[in-house]
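Have a look at the structure below, then the notes.
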Amino acid sequence: MLRATFMATRTTADHSAPAELGFVMPAEWEKHEATWLGWPHNPTDWPDKLDTIRWVYGEIVRKIAPGEIVRILVNNQTEARRARRCLTRAGADVRRVEFIVHPTNRGWTRDSGPVFVKRRTPHSALRTPHSETAIVHFHFNAWAKYDDWQKDRRVPETAARVLGKRLFNAEFNDKDFVLEGGGIEVNGRGTVLTTEECYLDPKVQVRNPGLGRTEIDATLKRYLGVTNVCWLVAGPVGDDTHGHVDDVARFVTPDTVVVAYEADPADDNHARSADNLRRLEAASRDPRVGALRIVTVPFPRVVVMDGQRLPASYANFYIGNGILLVPTFNDPNDRVALDTIAALMPHHVVVGIHSVDLVWGLGTLHCLTQQESLAGA
């Protein structure tokens with residue numbers, strides 16, 4: 001299916017606070033309506049490998065589509081036709097794919113795409129409980145690093161229009177609030193993880209100038225419906241987002257968190273991952289968070305391309321309906337990571353997706369995907 005959008009028409013944003021209306025951001029493993037992707041088209045995202053990456057997308061869609069709809073942003077109808085041919089040749093069920101025409105700057109849908117929140121209406125004598133979903137518009141600005149983000153910033157508006165969803169405008173003191181989906185990780189029960197490197201650095205890639213920990217804590221609580229903000233230290237070496245949490249710590253149940261840990265003291269990821277681990281151990285002793293089961297996975301051996309160290313991490317997995325996709329890197333630790341995560345998610349089929357080419361874009365599976373929460377009874 002192909003849906004056209006109307007870029008000239010802006011969606012009216014709601015300036016209410018979702019949390020005050022009972023909305024919360026669900027955990028990733030909760031039931032999805034769909035997964036959102038942006039079809040790869042910008043050659044600067046994967047220099048000299050763009051055609052190869054499209055085949056990786058084919059494998060991603062082939063694995064996700066049996067469990068949910070896949071909505072793919074495309075620049076135009078011609079690109080939709082080409083994408084459909086590629087997906088068909090890759091063996092994906094294109095009957096489960098919906099193409100949405102919305103020109104984008106790049107394909108990192110986790111960061112620019114719609115962040116869904118959900119509330120359940122109370123039971124009454126007249127109707128059964130029903131859940132409603134809405135979208136929060138966090139105002140993407142290309143990680144406060146690149147100049148071309150204007151098309152990507154409007155993806156949440158298009159999603160709200162196409163789906164007929166309420167759109168909340170994230171702001172602090174009447175100023176748009178910037179946040180990326182890869183910079184947050186929720187357990188769906190009140191806790192969000194993020195990093196100081198990403199959102200509190202006063203000089204490097206500053207998303208919200210003038211806002212500190214107190215202001216950001218308050219804003220996350222207002223728009224994600226969380227009650228606890230757990231600040232880790234940093235992301236992995238090589239990450240151009242400057243500290244996204246989805247490369248280092250991920251919830252797989254409300255009280256189980258997977259942490260990427262580098263045991264080699266000589267590796268640059270050792271100190272930062274050890275600090276992240278200590279922060280989570282401290283959070284587990286905080287009664288507001290509750291006891292956490294903390295499970296470590298290793299990093300793969302260093303992945304280098306064209307002399308550049310890349311942010312390869314098994315923590316950048318994606319949880320779909322009945323499926324869990326884990327990036328793999330032709331490394332002995334691939335099996336360790338797959339086995340560890342599979343043991344924690346027995347009701348999901350855990351599958352490795354070869355990501356050596358994908359990580360050349362400085363992100364992998366979680367960075368590309370964004371889940372759409374399921375509404376209804």
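Identifiers in the structure tokens: chain A, B, ... in order shown; residue index from 1 per chain; ligand index from 1 in order shown.
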
Residues within 8 Å of Ile53 (chain A), only C-alpha atoms, excluding chain neighbours under 6 positions, as a PDB file with C-alpha atoms, in the first residue's frame:
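This is the output file out_17.pdb:
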ATOM      1  CA  PRO A  40      17.885   4.384   2.753  1.00  0.00           C
ATOM      2  CA  TRP A  46      26.669   4.676   4.195  1.00  0.00           C
ATOM      3  CA  ASP A 357      28.030  -2.970   6.699  1.00  0.00           C
ATOM      4  CA  LEU A 358      25.150  -1.424   8.641  1.00  0.00           C
TER       5      LEU A 358
END

Residues within 9 Å of region 151-154 of chain A, only C-alpha atoms, excluding chain neighbours under 3 positions, as a ChimeraX atom specification
/A:7,10,102-109,112-113,137-142,148,157-159

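Residue-level DSSP output for region 46-122 of chain A, from the backbone, shows strand (DSSP E) at Ile69, Val70, Arg71, Ile72, Leu73, Val74, Val97, Glu98, Phe99, Ile100, Val101, Val115, Phe116, Val117, Lys118, Arg119 and Arg120 of chain A.
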
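Selecting alpha helix (DSSP H) from the backbone DSSP output for region 306-340 of chain A yields A:Asn333, A:Asp334, A:Arg335, A:Val336, A:Ala337, A:Leu338, A:Asp339, A:Thr340.
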
Written selection (N, CA and C atoms) as a CSV table (one decimal), in the first residue's frame:
chain,number,residue,atom,x,y,z
A,333,ASN,N,32.0,-13.3,19.8
A,333,ASN,CA,31.1,-12.8,20.8
A,333,ASN,C,29.6,-12.8,20.3
A,334,ASP,N,29.4,-12.9,18.9
A,334,ASP,CA,28.1,-13.0,18.4
A,334,ASP,C,27.3,-14.0,19.1
A,335,ARG,N,27.8,-15.2,19.2
A,335,ARG,CA,27.1,-16.3,19.9
A,335,ARG,C,26.8,-16.1,21.3
A,336,VAL,N,27.8,-15.5,22.0
A,336,VAL,CA,27.6,-15.1,23.4
A,336,VAL,C,26.4,-14.2,23.6
A,337,ALA,N,26.4,-13.2,22.8
A,337,ALA,CA,25.3,-12.2,22.9
A,337,ALA,C,23.9,-12.8,22.5
A,338,LEU,N,23.9,-13.5,21.4
A,338,LEU,CA,22.6,-14.2,21.0
A,338,LEU,C,22.1,-15.1,22.1
A,339,ASP,N,23.0,-15.9,22.6
A,339,ASP,CA,22.5,-16.9,23.6
A,339,ASP,C,22.1,-16.2,24.9
A,340,THR,N,22.8,-15.1,25.3
A,340,THR,CA,22.4,-14.4,26.5
A,340,THR,C,21.1,-13.7,26.4

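Remark: for Ala283 (chain A), the closest of the candidate residues A:Leu193, A:Pro236, A:Ala263, A:Val304 is A:Leu193 (distances computed over only C-alpha atoms).
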
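Straight-line separation from CA of Val192 (chain A) to CA of Asn228 (chain A): 6.3 Å.
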
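Shortest separation to Asn42 (chain A) among A:Pro18, A:Gly361, A:Gly290, A:Gly352 occurs at residue A:Gly361, atoms counted being only C-alpha atoms.
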